[in-house]
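Source file: entry.csv; contents: CSV, C-alpha atoms and all ligand atoms.
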chain,number,residue,atom,x,y,z
A,112,MET,CA,137.3,141.9,141.6
A,113,ASP,CA,140.5,143.6,140.6
A,114,ASN,CA,140.4,146.3,138.0
A,115,LEU,CA,140.1,144.5,134.6
A,116,ARG,CA,142.6,145.6,132.0
A,117,VAL,CA,140.7,146.2,128.8
A,118,LEU,CA,141.9,146.4,125.2
A,119,GLU,CA,139.5,148.4,123.0
A,120,LEU,CA,140.1,147.6,119.4
A,121,TYR,CA,138.4,149.7,116.6
A,122,SER,CA,137.7,152.2,119.3
A,123,GLY,CA,136.0,154.9,117.1
A,124,ILE,CA,134.5,157.5,119.5
A,125,GLY,CA,134.6,155.1,122.4
A,126,GLY,CA,131.2,153.5,122.5
A,127,MET,CA,132.7,150.4,124.1
A,128,HIS,CA,134.5,152.5,126.7
A,129,TYR,CA,131.3,154.3,127.6
A,130,ALA,CA,129.5,150.9,127.9
A,131,LEU,CA,132.2,149.6,130.2
A,132,LYS,CA,131.8,152.6,132.4
A,133,GLU,CA,128.0,152.3,132.3
A,134,SER,CA,128.3,148.6,133.3
A,135,GLY,CA,129.9,149.5,136.6
A,136,ILE,CA,132.5,146.8,136.1
A,137,PRO,CA,135.8,147.8,137.8
A,138,ALA,CA,138.0,148.2,134.8
A,139,GLN,CA,140.4,150.4,133.0
A,140,VAL,CA,141.0,150.7,129.2
A,141,VAL,CA,144.7,150.1,128.9
A,142,THR,CA,144.8,151.0,125.2
A,143,ALA,CA,142.4,152.0,122.5
A,144,ILE,CA,143.3,151.5,118.9
A,145,ASP,CA,141.8,153.1,115.7
A,146,ILE,CA,143.0,154.6,112.5
A,147,ASN,CA,140.3,157.2,112.0
A,148,THR,CA,141.9,160.5,113.0
A,149,THR,CA,138.5,162.3,113.4
A,150,ALA,CA,137.2,159.6,115.6
A,151,ASN,CA,140.4,159.7,117.5
A,152,GLN,CA,140.1,163.4,118.1
A,153,VAL,CA,136.7,162.8,119.8
A,154,TYR,CA,138.0,159.8,121.8
A,155,LYS,CA,141.0,161.8,123.0
A,156,HIS,CA,138.8,164.8,123.9
A,157,ASN,CA,136.6,162.5,126.1
A,158,PHE,CA,139.1,160.1,127.5
A,159,PRO,CA,142.3,162.2,127.7
A,160,ASP,CA,144.0,159.7,130.1
A,161,THR,CA,143.5,156.6,127.9
A,162,PRO,CA,146.5,155.7,125.7
A,163,LEU,CA,145.1,155.8,122.2
A,164,TRP,CA,147.1,154.3,119.3
A,165,ASN,CA,146.5,155.8,115.9
A,166,LYS,CA,147.8,152.6,114.2
A,167,THR,CA,146.4,149.8,112.0
A,168,ILE,CA,145.8,146.8,114.2
A,169,GLU,CA,147.6,144.5,111.8
A,170,GLY,CA,150.7,146.7,112.2
A,171,ILE,CA,150.9,145.9,115.9
A,172,THR,CA,153.2,143.0,116.9
A,173,LEU,CA,152.4,140.1,119.1
A,174,ASP,CA,155.1,141.4,121.5
A,175,GLU,CA,153.4,144.8,121.7
A,176,PHE,CA,150.0,143.2,122.5
A,177,ASN,CA,151.6,140.9,125.1
A,178,LYS,CA,153.1,143.9,126.9
A,179,LEU,CA,149.6,145.4,127.4
A,180,SER,CA,148.6,142.3,129.5
A,181,PHE,CA,144.9,142.7,129.1
A,182,ASP,CA,142.0,140.6,130.6
A,183,MET,CA,139.3,141.7,128.1
A,184,ILE,CA,139.0,142.6,124.5
A,185,LEU,CA,136.2,144.8,123.3
A,186,MET,CA,135.9,145.2,119.5
A,187,SER,CA,133.6,146.3,116.7
A,188,PRO,CA,135.5,145.3,113.5
A,189,PRO,CA,134.6,147.1,110.3
A,190,CYS,CA,131.1,146.0,109.2
A,191,GLN,CA,131.1,146.9,105.5
A,192,PRO,CA,132.2,143.4,104.5
A,193,PHE,CA,129.1,141.9,106.1
A,194,THR,CA,126.3,144.3,105.5
A,195,ARG,CA,123.4,142.9,103.6
A,196,ILE,CA,123.3,145.8,101.2
A,197,GLY,CA,127.0,145.7,100.6
A,198,LEU,CA,129.1,143.3,98.4
A,199,GLN,CA,129.5,140.9,101.3
A,200,GLY,CA,133.2,140.4,100.6
A,201,ASP,CA,133.5,138.8,104.0
A,202,VAL,CA,137.0,137.4,104.6
A,203,THR,CA,138.2,138.4,101.1
A,204,ASP,CA,137.4,142.1,101.7
A,205,PRO,CA,140.6,143.9,102.7
A,206,ARG,CA,138.8,145.6,105.5
A,207,THR,CA,138.5,142.1,107.3
A,208,LYS,CA,142.3,141.7,107.2
A,209,SER,CA,142.9,143.3,110.7
A,210,PHE,CA,140.2,141.1,112.2
A,211,LEU,CA,141.7,138.0,110.8
A,212,TYR,CA,145.0,139.2,112.2
A,213,VAL,CA,143.4,139.4,115.7
A,214,LEU,CA,142.1,135.9,115.3
A,215,ASP,CA,145.5,134.7,114.3
A,216,LEU,CA,147.1,136.4,117.2
A,217,LEU,CA,144.7,135.3,119.9
A,218,PRO,CA,146.0,131.7,120.4
A,219,ARG,CA,149.6,133.0,120.4
A,220,LEU,CA,149.2,135.5,123.2
A,221,GLN,CA,151.2,134.8,126.3
A,222,ARG,CA,148.0,135.0,128.4
A,223,LEU,CA,144.5,134.6,126.9
A,224,PRO,CA,142.1,137.4,127.9
A,225,ARG,CA,139.4,136.1,130.2
A,226,PHE,CA,136.6,138.0,128.4
A,227,ILE,CA,135.8,139.0,124.8
A,228,LEU,CA,132.9,141.1,123.5
A,229,LEU,CA,132.4,141.6,119.8
A,230,GLU,CA,129.8,143.7,118.0
A,231,ASN,CA,128.9,143.6,114.3
A,232,VAL,CA,126.1,144.1,111.9
A,233,LYS,CA,123.3,141.6,111.0
A,234,GLY,CA,124.9,139.5,108.3
A,235,PHE,CA,128.0,138.7,110.3
A,236,GLU,CA,126.3,135.7,111.8
A,237,THR,CA,126.3,133.9,108.4
A,238,SER,CA,129.8,135.0,107.4
A,239,SER,CA,133.0,133.0,107.1
A,240,ALA,CA,134.6,135.5,109.5
A,241,ARG,CA,132.1,134.5,112.2
A,242,ALA,CA,132.9,130.8,111.4
A,243,ARG,CA,136.6,131.5,111.9
A,244,LEU,CA,135.9,133.5,115.1
A,245,VAL,CA,133.9,130.6,116.6
A,246,LYS,CA,136.6,128.1,115.6
A,247,THR,CA,139.3,130.1,117.2
A,248,LEU,CA,137.4,130.7,120.4
A,249,THR,CA,136.5,127.0,120.6
A,250,GLU,CA,140.1,126.0,120.1
A,251,CYS,CA,141.3,128.4,122.7
A,252,GLY,CA,138.8,127.1,125.2
A,253,TYR,CA,136.2,129.9,125.4
A,254,THR,CA,132.5,129.4,126.1
A,255,PHE,CA,130.5,131.9,124.2
A,256,GLN,CA,127.0,133.2,123.5
A,257,GLU,CA,125.8,135.0,120.4
A,258,ILE,CA,122.9,137.4,120.5
A,259,MET,CA,121.1,139.5,117.9
A,260,ILE,CA,119.5,142.4,119.7
A,261,SER,CA,118.2,145.9,119.2
A,262,PRO,CA,117.9,148.7,121.8
A,263,ILE,CA,114.2,148.4,121.8
A,264,SER,CA,114.7,145.4,124.1
A,265,VAL,CA,116.3,147.7,126.8
A,266,GLY,CA,113.5,150.2,126.5
A,267,ILE,CA,115.1,152.6,124.0
A,268,PRO,CA,112.9,153.6,121.1
A,269,ASN,CA,115.4,153.0,118.4
A,270,SER,CA,116.1,150.0,116.1
A,271,ARG,CA,119.7,149.0,115.8
A,272,LEU,CA,119.7,145.3,115.3
A,273,ARG,CA,123.2,144.1,115.9
A,274,TYR,CA,125.1,140.8,116.3
A,275,PHE,CA,127.0,140.4,119.6
A,276,LEU,CA,129.2,137.7,120.8
A,277,ILE,CA,130.3,137.5,124.4
A,278,ALA,CA,133.0,134.9,125.3
A,279,LYS,CA,134.5,133.8,128.5
A,280,ILE,CA,137.5,131.6,129.0
A,281,SER,CA,136.4,128.3,130.3
A,282,THR,CA,138.2,125.5,132.0
A,283,GLU,CA,135.4,123.1,131.1
A,284,ASP,CA,135.7,120.2,128.8
A,285,LEU,CA,134.7,121.7,125.4
A,286,ASN,CA,132.3,118.9,124.6
A,287,THR,CA,130.0,120.0,127.4
A,288,GLN,CA,129.5,123.5,126.0
A,289,ALA,CA,126.0,124.6,125.5
A,290,PRO,CA,125.0,124.2,121.9
A,291,SER,CA,125.5,127.4,120.0
A,292,LYS,CA,122.3,129.2,119.4
A,293,ILE,CA,121.9,132.8,118.4
A,294,LEU,CA,119.5,134.4,120.8
A,295,ASP,CA,117.2,137.1,119.6
A,296,PHE,CA,116.3,138.5,123.1
A,297,PHE,CA,118.0,139.7,126.1
A,298,PRO,CA,118.7,137.0,128.6
A,299,HIS,CA,118.1,138.0,132.2
A,300,LEU,CA,120.7,137.3,134.7
A,301,ALA,CA,119.6,135.1,137.6
A,302,GLU,CA,121.3,134.5,140.9
A,303,SER,CA,123.9,131.8,140.4
A,304,ASP,CA,125.2,129.2,142.8
A,305,SER,CA,128.7,129.9,141.8
A,306,SER,CA,130.0,133.5,141.4
A,307,GLU,CA,132.2,132.2,138.7
A,308,HIS,CA,129.4,130.9,136.6
A,309,PRO,CA,126.4,133.2,136.0
A,310,THR,CA,123.1,131.7,135.0
A,311,PHE,CA,121.2,133.4,132.2
A,312,LEU,CA,117.5,133.0,132.4
A,313,SER,CA,114.6,134.7,130.8
A,314,PRO,CA,112.1,136.4,133.1
A,315,ALA,CA,109.5,133.8,132.1
A,316,CYS,CA,111.9,131.2,133.2
A,317,GLN,CA,112.6,132.6,136.6
A,318,GLY,CA,110.8,130.6,139.3
A,319,ALA,CA,109.6,128.2,136.6
A,320,SER,CA,112.1,125.9,135.1
A,321,GLN,CA,115.3,126.1,137.1
A,322,PRO,CA,118.6,124.9,135.6
A,323,GLU,CA,119.3,121.3,136.2
A,324,GLU,CA,121.3,120.8,139.4
A,325,GLY,CA,125.0,120.3,138.9
A,326,THR,CA,124.9,121.5,135.3
A,327,ASP,CA,127.5,124.0,134.3
A,328,VAL,CA,125.1,126.9,133.5
A,329,LEU,CA,127.5,129.3,132.0
A,330,PHE,CA,125.2,130.3,129.1
A,331,LYS,CA,122.2,128.2,129.9
A,332,LEU,CA,119.1,130.0,128.7
A,333,GLU,CA,115.4,129.5,128.5
A,334,THR,CA,114.6,129.8,124.8
A,335,THR,CA,111.0,128.5,124.4
A,336,ALA,CA,108.8,130.4,122.1
A,337,GLU,CA,106.4,131.2,125.0
A,338,ALA,CA,109.3,132.7,127.0
A,339,GLN,CA,110.4,134.8,124.1
A,340,ARG,CA,106.8,136.0,123.4
A,341,LYS,CA,106.5,137.2,127.0
A,342,ILE,CA,109.8,139.0,126.9
A,343,ARG,CA,108.8,140.9,123.8
A,344,GLN,CA,105.5,141.7,125.4
A,345,ASN,CA,107.1,143.0,128.5
A,346,SER,CA,109.8,144.9,126.8
A,347,ASN,CA,107.4,146.6,124.5
A,348,LEU,CA,105.5,147.9,127.4
A,349,SER,CA,108.5,149.6,128.9
A,350,VAL,CA,109.8,151.3,125.8
A,351,LYS,CA,110.2,155.0,126.4
A,352,GLN,CA,108.8,157.8,124.2
A,353,ILE,CA,111.0,159.7,121.8
A,354,LYS,CA,110.4,163.0,123.7
A,355,GLU,CA,112.6,161.7,126.6
A,356,PHE,CA,115.6,161.8,124.3
A,357,LEU,CA,115.0,165.3,122.8
A,358,GLU,CA,117.0,168.4,123.6
A,359,PRO,CA,114.8,171.1,125.1
A,360,GLN,CA,116.8,173.9,123.3
A,361,MET,CA,116.0,172.4,119.9
A,362,GLU,CA,112.5,173.9,120.2
A,363,VAL,CA,114.0,177.4,119.7
A,364,ASN,CA,117.0,176.3,117.7
A,365,MET,CA,115.6,173.9,115.1
A,366,GLU,CA,116.1,176.0,112.0
A,367,PRO,CA,119.4,174.4,110.9
A,368,TYR,CA,117.9,171.0,111.3
A,369,LEU,CA,114.7,171.5,109.3
A,370,LEU,CA,114.5,169.5,106.1
A,371,PRO,CA,114.9,171.8,103.2
A,372,PRO,CA,112.2,172.1,100.5
A,373,LYS,CA,114.2,170.2,97.9
A,374,THR,CA,114.6,167.2,100.2
A,375,LEU,CA,110.9,167.4,101.2
A,376,LEU,CA,109.8,167.3,97.6
A,377,ARG,CA,112.2,164.6,96.5
A,378,TYR,CA,111.9,162.3,99.5
A,379,GLY,CA,108.6,163.3,101.2
A,380,LEU,CA,107.1,159.9,100.5
A,381,VAL,CA,109.9,157.8,101.7
A,382,LEU,CA,110.7,159.6,105.0
A,383,ASP,CA,110.4,157.7,108.2
A,384,ILE,CA,108.5,160.3,110.3
A,385,VAL,CA,108.2,160.0,114.1
A,386,GLN,CA,106.5,162.1,116.6
A,387,PRO,CA,107.7,162.9,120.2
A,388,THR,CA,105.2,160.5,121.6
A,389,CYS,CA,106.3,157.6,119.4
A,390,ARG,CA,108.1,154.6,120.9
A,391,ARG,CA,110.2,153.8,117.9
A,392,SER,CA,112.7,155.2,115.4
A,393,VAL,CA,114.8,153.6,112.7
A,394,CYS,CA,118.5,153.0,113.0
A,395,PHE,CA,120.7,156.1,112.5
A,396,THR,CA,123.4,155.3,110.0
A,397,LYS,CA,126.6,157.2,109.1
A,398,GLY,CA,124.8,158.8,106.2
A,399,TYR,CA,122.3,160.6,108.4
A,400,GLY,CA,121.9,164.3,107.5
A,401,ARG,CA,123.6,163.7,104.1
A,402,TYR,CA,121.2,161.2,102.6
A,403,VAL,CA,117.6,160.8,103.5
A,404,GLN,CA,116.4,157.4,102.5
A,405,GLY,CA,117.0,154.7,105.0
A,406,THR,CA,119.5,156.6,107.1
A,407,GLY,CA,117.3,157.4,110.2
A,408,SER,CA,114.0,158.9,111.3
A,409,VAL,CA,113.0,162.5,111.1
A,410,LEU,CA,110.9,164.3,113.7
A,411,GLN,CA,107.6,166.0,113.2
A,412,CYS,CA,107.6,169.1,115.2
A,413,CYS,CA,104.2,170.6,114.4
A,414,MET,CA,101.7,168.4,116.1
A,415,GLU,CA,98.7,170.6,115.2
A,416,THR,CA,99.0,169.2,111.6
A,417,LYS,CA,97.6,165.7,111.2
A,418,ILE,CA,99.9,163.5,109.3
A,419,GLU,CA,97.1,161.8,107.4
A,420,SER,CA,95.9,165.2,106.1
A,421,VAL,CA,99.3,165.8,104.6
A,422,PHE,CA,99.8,162.5,102.9
A,423,MET,CA,96.3,161.8,101.7
A,424,GLY,CA,96.5,162.1,97.9
A,425,LEU,CA,99.9,163.8,98.1
A,426,ASP,CA,101.2,162.1,95.0
A,427,GLN,CA,98.4,163.7,93.0
A,428,CYS,CA,99.3,167.3,94.2
A,429,SER,CA,101.2,169.9,92.2
A,430,GLU,CA,104.7,170.4,93.4
A,431,GLU,CA,103.8,173.7,95.1
A,432,GLU,CA,100.9,172.2,97.0
A,433,LYS,CA,103.0,169.1,97.9
A,434,LEU,CA,105.6,171.4,99.4
A,435,GLN,CA,103.1,173.5,101.3
A,436,ARG,CA,101.6,170.4,102.8
A,437,LEU,CA,104.9,168.9,103.9
A,438,LEU,CA,106.2,172.1,105.3
A,439,LYS,CA,103.3,172.2,107.7
A,440,LEU,CA,104.7,169.2,109.5
A,441,LYS,CA,107.9,171.0,110.4
A,442,LEU,CA,110.1,168.0,109.8
A,443,ARG,CA,113.6,168.1,111.2
A,444,TYR,CA,116.6,165.9,111.7
A,445,PHE,CA,117.4,164.7,115.1
A,446,SER,CA,120.5,166.7,116.4
A,447,PRO,CA,123.7,164.7,117.0
A,448,ARG,CA,123.1,165.1,120.7
A,449,GLU,CA,119.7,163.5,120.3
A,450,VAL,CA,121.0,160.7,118.2
A,451,ALA,CA,123.7,160.1,120.9
A,452,ASN,CA,120.9,160.1,123.5
A,453,LEU,CA,119.0,157.4,121.5
A,454,MET,CA,122.3,155.4,121.3
A,455,GLY,CA,122.6,155.5,125.1
A,456,PHE,CA,125.6,157.9,125.3
A,457,PRO,CA,125.9,159.9,128.5
A,458,GLN,CA,125.6,163.7,128.4
A,459,HIS,CA,129.4,164.0,128.9
A,460,LEU,CA,130.2,162.7,125.4
A,461,ILE,CA,131.3,165.9,123.9
A,462,PHE,CA,132.3,166.5,120.3
A,463,PRO,CA,135.1,169.0,119.9
A,464,GLU,CA,133.8,172.2,118.3
A,465,LYS,CA,135.8,171.7,115.2
A,466,ILE,CA,134.0,168.5,114.3
A,467,PRO,CA,131.2,169.4,111.9
A,468,THR,CA,127.6,168.2,112.4
A,469,ILE,CA,127.8,165.9,109.4
A,470,GLN,CA,131.0,164.2,110.8
A,471,GLN,CA,129.3,163.8,114.2
A,472,TYR,CA,126.4,161.9,112.5
A,473,ARG,CA,129.0,159.8,110.7
A,474,LEU,CA,130.9,158.9,113.8
A,475,LEU,CA,127.7,158.1,115.7
A,476,GLY,CA,126.4,156.0,112.9
A,477,ASN,CA,129.5,153.9,113.1
A,478,SER,CA,129.2,153.4,116.8
A,479,LEU,CA,127.0,151.3,119.0
A,480,ASN,CA,124.2,151.4,121.6
A,481,VAL,CA,126.0,151.9,124.9
A,482,VAL,CA,123.2,150.6,127.1
A,483,VAL,CA,122.9,147.3,125.1
A,484,VAL,CA,126.6,146.7,125.3
A,485,ALA,CA,126.7,147.7,129.0
A,486,LYS,CA,124.1,145.0,129.8
A,487,LEU,CA,126.0,142.4,127.8
A,488,LEU,CA,129.1,143.2,129.7
A,489,GLN,CA,127.3,142.8,133.0
A,490,LEU,CA,126.1,139.4,131.7
A,491,LEU,CA,129.6,138.4,130.8
A,492,VAL,CA,131.5,139.5,133.8
A,493,SER,CA,129.0,139.0,136.7
B,1,LIG,C1,132.4,149.9,113.3
B,1,LIG,S1,133.6,151.2,113.7
B,1,LIG,C2,133.7,151.0,115.4
B,1,LIG,C3,133.2,152.1,116.2
B,1,LIG,C4,133.4,152.2,117.7
B,1,LIG,N1,133.0,151.0,118.4
B,1,LIG,C5,132.7,153.4,118.3
B,1,LIG,O1,132.1,153.3,119.3
B,1,LIG,O2,132.8,154.4,117.7
B,1,LIG,C6,135.0,150.5,113.1
B,1,LIG,C7,136.3,151.3,113.4
B,1,LIG,O3,137.4,150.5,113.0
B,1,LIG,C8,138.4,151.4,112.6
B,1,LIG,N2,139.3,150.6,111.8
B,1,LIG,C9,139.1,150.0,110.6
B,1,LIG,N3,140.1,149.2,110.2
B,1,LIG,C10,141.1,149.4,111.1
B,1,LIG,C11,142.4,148.9,111.3
B,1,LIG,N4,142.9,148.1,110.3
B,1,LIG,N5,143.1,149.2,112.3
B,1,LIG,C12,142.6,150.1,113.3
B,1,LIG,N6,141.3,150.6,113.2
B,1,LIG,C13,140.6,150.2,112.1
B,1,LIG,C14,137.6,152.5,111.8
B,1,LIG,O4,138.4,153.6,111.7
B,1,LIG,C15,136.4,152.6,112.6
B,1,LIG,O5,136.5,153.6,113.5
Could I get this structure in the form of structure tokens?
Ligand SMILES: C[S@@+](CC[C@H](N)C(=O)[O-])C[C@H]1O[C@@H](n2cnc3c(N)ncnc32)[C@H](O)[C@@H]1O
Amino acid sequence: MDNLRVLELYSGIGGMHYALKESGIPAQVVTAIDINTTANQVYKHNFPDTPLWNKTIEGITLDEFNKLSFDMILMSPPCQPFTRIGLQGDVTDPRTKSFLYVLDLLPRLQRLPRFILLENVKGFETSSARARLVKTLTECGYTFQEIMISPISVGIPNSRLRYFLIAKISTEDLNTQAPSKILDFFPHLAESDSSEHPTFLSPACQGASQPEEGTDVLFKLETTAEAQRKIRQNSNLSVKQIKEFLEPQMEVNMEPYLLPPKTLLRYGLVLDIVQPTCRRSVCFTKGYGRYVQGTGSVLQCCMETKIESVFMGLDQCSEEEKLQRLLKLKLRYFSPREVANLMGFPQHLIFPEKIPTIQQYRLLGNSLNVVVVAKLLQLLVS
């Protein structure tokens, strides 16, 4: 396959670019676009040779897009209009404007890109923006699959349930498209008769129910409850332990990351605490390190202290005793490098020194799981 020309919209720190590299697909990002100057500094630092436009997407003309002549669009539009805890402004939220512009532009491009991958939060799947996306893709002749997936399903002990849509231009009669169903597991890619049309089958399906002969199996999937149960079972077995994602030097350098007494006293009972041997952690959001509740897990570093002995009757303790007990656990934040590890970023993602830790968490919290996207890209382009 020739090098694909890829347009990376809403590029942030380049999560999509890393996923593209990780996927092994021969490709080059011809342009990345984002308006966040801090994210752009990080992007530029790590991908100095990629043209990066510090512009609003809706300010770029059809002509400018046509000149880029791209085969693939990778994009993570702003998610605030769709988050369950937000106002859910959806298409009326000004932050959706640029995405609507992209949808408006797509049918008018001189040449439709062959592939599209979109990432967004849970909540997007029920939005009007998603309905418009699906309508546009259908009208343009794309076949697509929607998947809601978390890194746990690729063996990474971190929750980050996200909506993904992968779309491929199709010459098929649109009426024969597979009915749209949002999958909640990772389809496995099976050998396909035609290199043009991959077959997506669950492991449970392989060797069992083969696709009907002669069917276009672009996004044909085994979705029985039994198959899904087996996949979950299998994937749980292979989830790695948190310790595989930790930085060795943090053992001697954890002081700046320890939770301060005030935080322990105020939020001790609502912390999500994990140990190095755990096979789970909660999603790291952009507020990690600044806010405590619901922004990400914290790590217990002193394993001699039993967690039950700390929390048993804690709410009846005096403030002083409460603090003494909690301090014994040596709770710390994950470092940005460790968060990046749990999000599948390679070691060579470097934050320029001038980017403060809190900003690094912020940028990572806005980004995506690289391994999950890489696997989706392989599914899409194989
Ligand atoms: C969910 S984040 C995407 C993060 C990215 N995928 C990454 O790996 O870091 C959305 C990004 O869209 C950018 N953005 C929002 N509105 C924009 C617009 N109108 N034009 C260009 N970029 C925009 C934000 O600055 C932010 O970096």
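Of the listed residues A:Asp182, A:Asp204, A:Glu250, A:Glu169, the one whose atoms come nearest to ligand LIG 1 (chain B) is A:Glu169, with distances taken using all atoms listed in the file.
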Can you build me a table of chain A residues sitting at most 10 Å from ligand LIG 1 (chain B), with the closest atom pair per residue and its distance in Å to one decimal, using all atoms listed in the file, sorted by chain and residue number, as a tab-separated table?
residue	atom	partner	partner_atom	distance
A:Glu119	CA	B:LIG1	N1	8.4
A:Leu120	CA	B:LIG1	N6	7.0
A:Tyr121	CA	B:LIG1	O3	3.8
A:Ser122	CA	B:LIG1	C4	4.6
A:Gly123	CA	B:LIG1	O2	3.3
A:Ile124	CA	B:LIG1	O2	4.0
A:Gly125	CA	B:LIG1	O1	4.4
A:Gly126	CA	B:LIG1	O1	3.3
A:Met127	CA	B:LIG1	O1	5.6
A:His128	CA	B:LIG1	O1	7.8
A:Tyr129	CA	B:LIG1	O1	8.4
A:Ala130	CA	B:LIG1	O1	9.3
A:Ala143	CA	B:LIG1	C12	9.4
A:Ile144	CA	B:LIG1	C12	5.8
A:Asp145	CA	B:LIG1	N6	3.6
A:Ile146	CA	B:LIG1	N6	4.4
A:Asn147	CA	B:LIG1	O4	4.1
A:Thr148	CA	B:LIG1	O4	7.8
A:Thr149	CA	B:LIG1	O4	8.9
A:Ala150	CA	B:LIG1	O5	6.4
A:Asn151	CA	B:LIG1	O5	8.3
A:Val153	CA	B:LIG1	O2	9.5
A:Tyr154	CA	B:LIG1	O2	8.5
A:Trp164	CA	B:LIG1	C12	8.6
A:Asn165	CA	B:LIG1	C12	7.4
A:Lys166	CA	B:LIG1	C12	5.8
A:Thr167	CA	B:LIG1	N5	3.4
A:Ile168	CA	B:LIG1	N5	4.1
A:Glu169	CA	B:LIG1	N4	6.1
A:Gly170	CA	B:LIG1	N5	8.0
A:Ile171	CA	B:LIG1	N5	9.2
A:Leu185	CA	B:LIG1	N1	8.5
A:Met186	CA	B:LIG1	N1	6.6
A:Ser187	CA	B:LIG1	C2	4.9
A:Pro188	CA	B:LIG1	C6	5.2
A:Pro189	CA	B:LIG1	C6	4.4
A:Cys190	CA	B:LIG1	C1	5.8
A:Gln191	CA	B:LIG1	C1	8.5
A:Pro205	CA	B:LIG1	N4	9.0
A:Arg206	CA	B:LIG1	N3	6.1
A:Thr207	CA	B:LIG1	N3	7.8
A:Lys208	CA	B:LIG1	N4	7.1
A:Ser209	CA	B:LIG1	N4	4.8
A:Phe210	CA	B:LIG1	N4	7.7
A:Tyr212	CA	B:LIG1	N4	9.3
A:Leu229	CA	B:LIG1	N1	9.5
A:Glu230	CA	B:LIG1	N1	8.0
A:Asn231	CA	B:LIG1	C1	7.3
A:Val232	CA	B:LIG1	C1	8.7
A:Phe456	CA	B:LIG1	O1	10.0
A:Arg473	CA	B:LIG1	O2	9.6
A:Leu474	CA	B:LIG1	O2	6.3
A:Leu475	CA	B:LIG1	O2	6.6
A:Gly476	CA	B:LIG1	O2	8.2
A:Asn477	CA	B:LIG1	C1	4.9
A:Ser478	CA	B:LIG1	C5	3.8
A:Leu479	CA	B:LIG1	O1	5.5
A:Asn480	CA	B:LIG1	O1	8.4
A:Val481	CA	B:LIG1	O1	8.4
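Computed from the coordinates, the atom CA of A:Phe235 to atom CA of A:Thr406 distance equals 20.1 Å.
In terms of minimum interatomic distance to A:Leu198, A:Gly234 ranks closest within A:Gln458, A:Asn452, A:Pro367, A:Gly234, counting all atoms listed in the file.
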### Residue neighbourhood A:Asp201, 7 Å, only C-alpha atoms, exclusion window fewer than 5 positions, as a list in words
Pro192, Phe193, Thr207, Ser238, Ser239 and Ala240 of chain A
#### Entry: Separation of atom CA of A:Asp383 from atom CA of A:Tyr402 in Å
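For atom CA of A:Tyr402 relative to atom CA of A:Asp383, the distance reads 12.7 Å.
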### Query
atom CA of A:Leu223 to atom CA of A:Phe296: how many Å, to one decimal?
28.7 Å
### Task
May I ask which of the residues A:Ala451, A:Val202, A:Val409, A:Leu217 is the closest one to A:Phe176, counting all atoms listed in the file?
A:Leu217
### Message
Ranking A:Gly424, A:Val363, A:Leu220, A:Gly455 by minimum distance to A:Thr172 and counting only C-alpha atoms, which one comes first?
### Response
A:Leu220
### Query
Neighbours of A:Phe255 within 7 Å (all atoms listed in the file; same-chain residues fewer than 6 positions away dropped), as a ChimeraX atom specification?
/A:276-279
### Task
Find the spatial neighbours of stretch 439-444 of chain A, counting only C-alpha atoms, within a cut-off of 9 Å - ignore same-chain residues fewer than 5 positions away - and output them as a ChimeraX atom specification.
/A:365-371,375,384,399-400,407-418,421,434
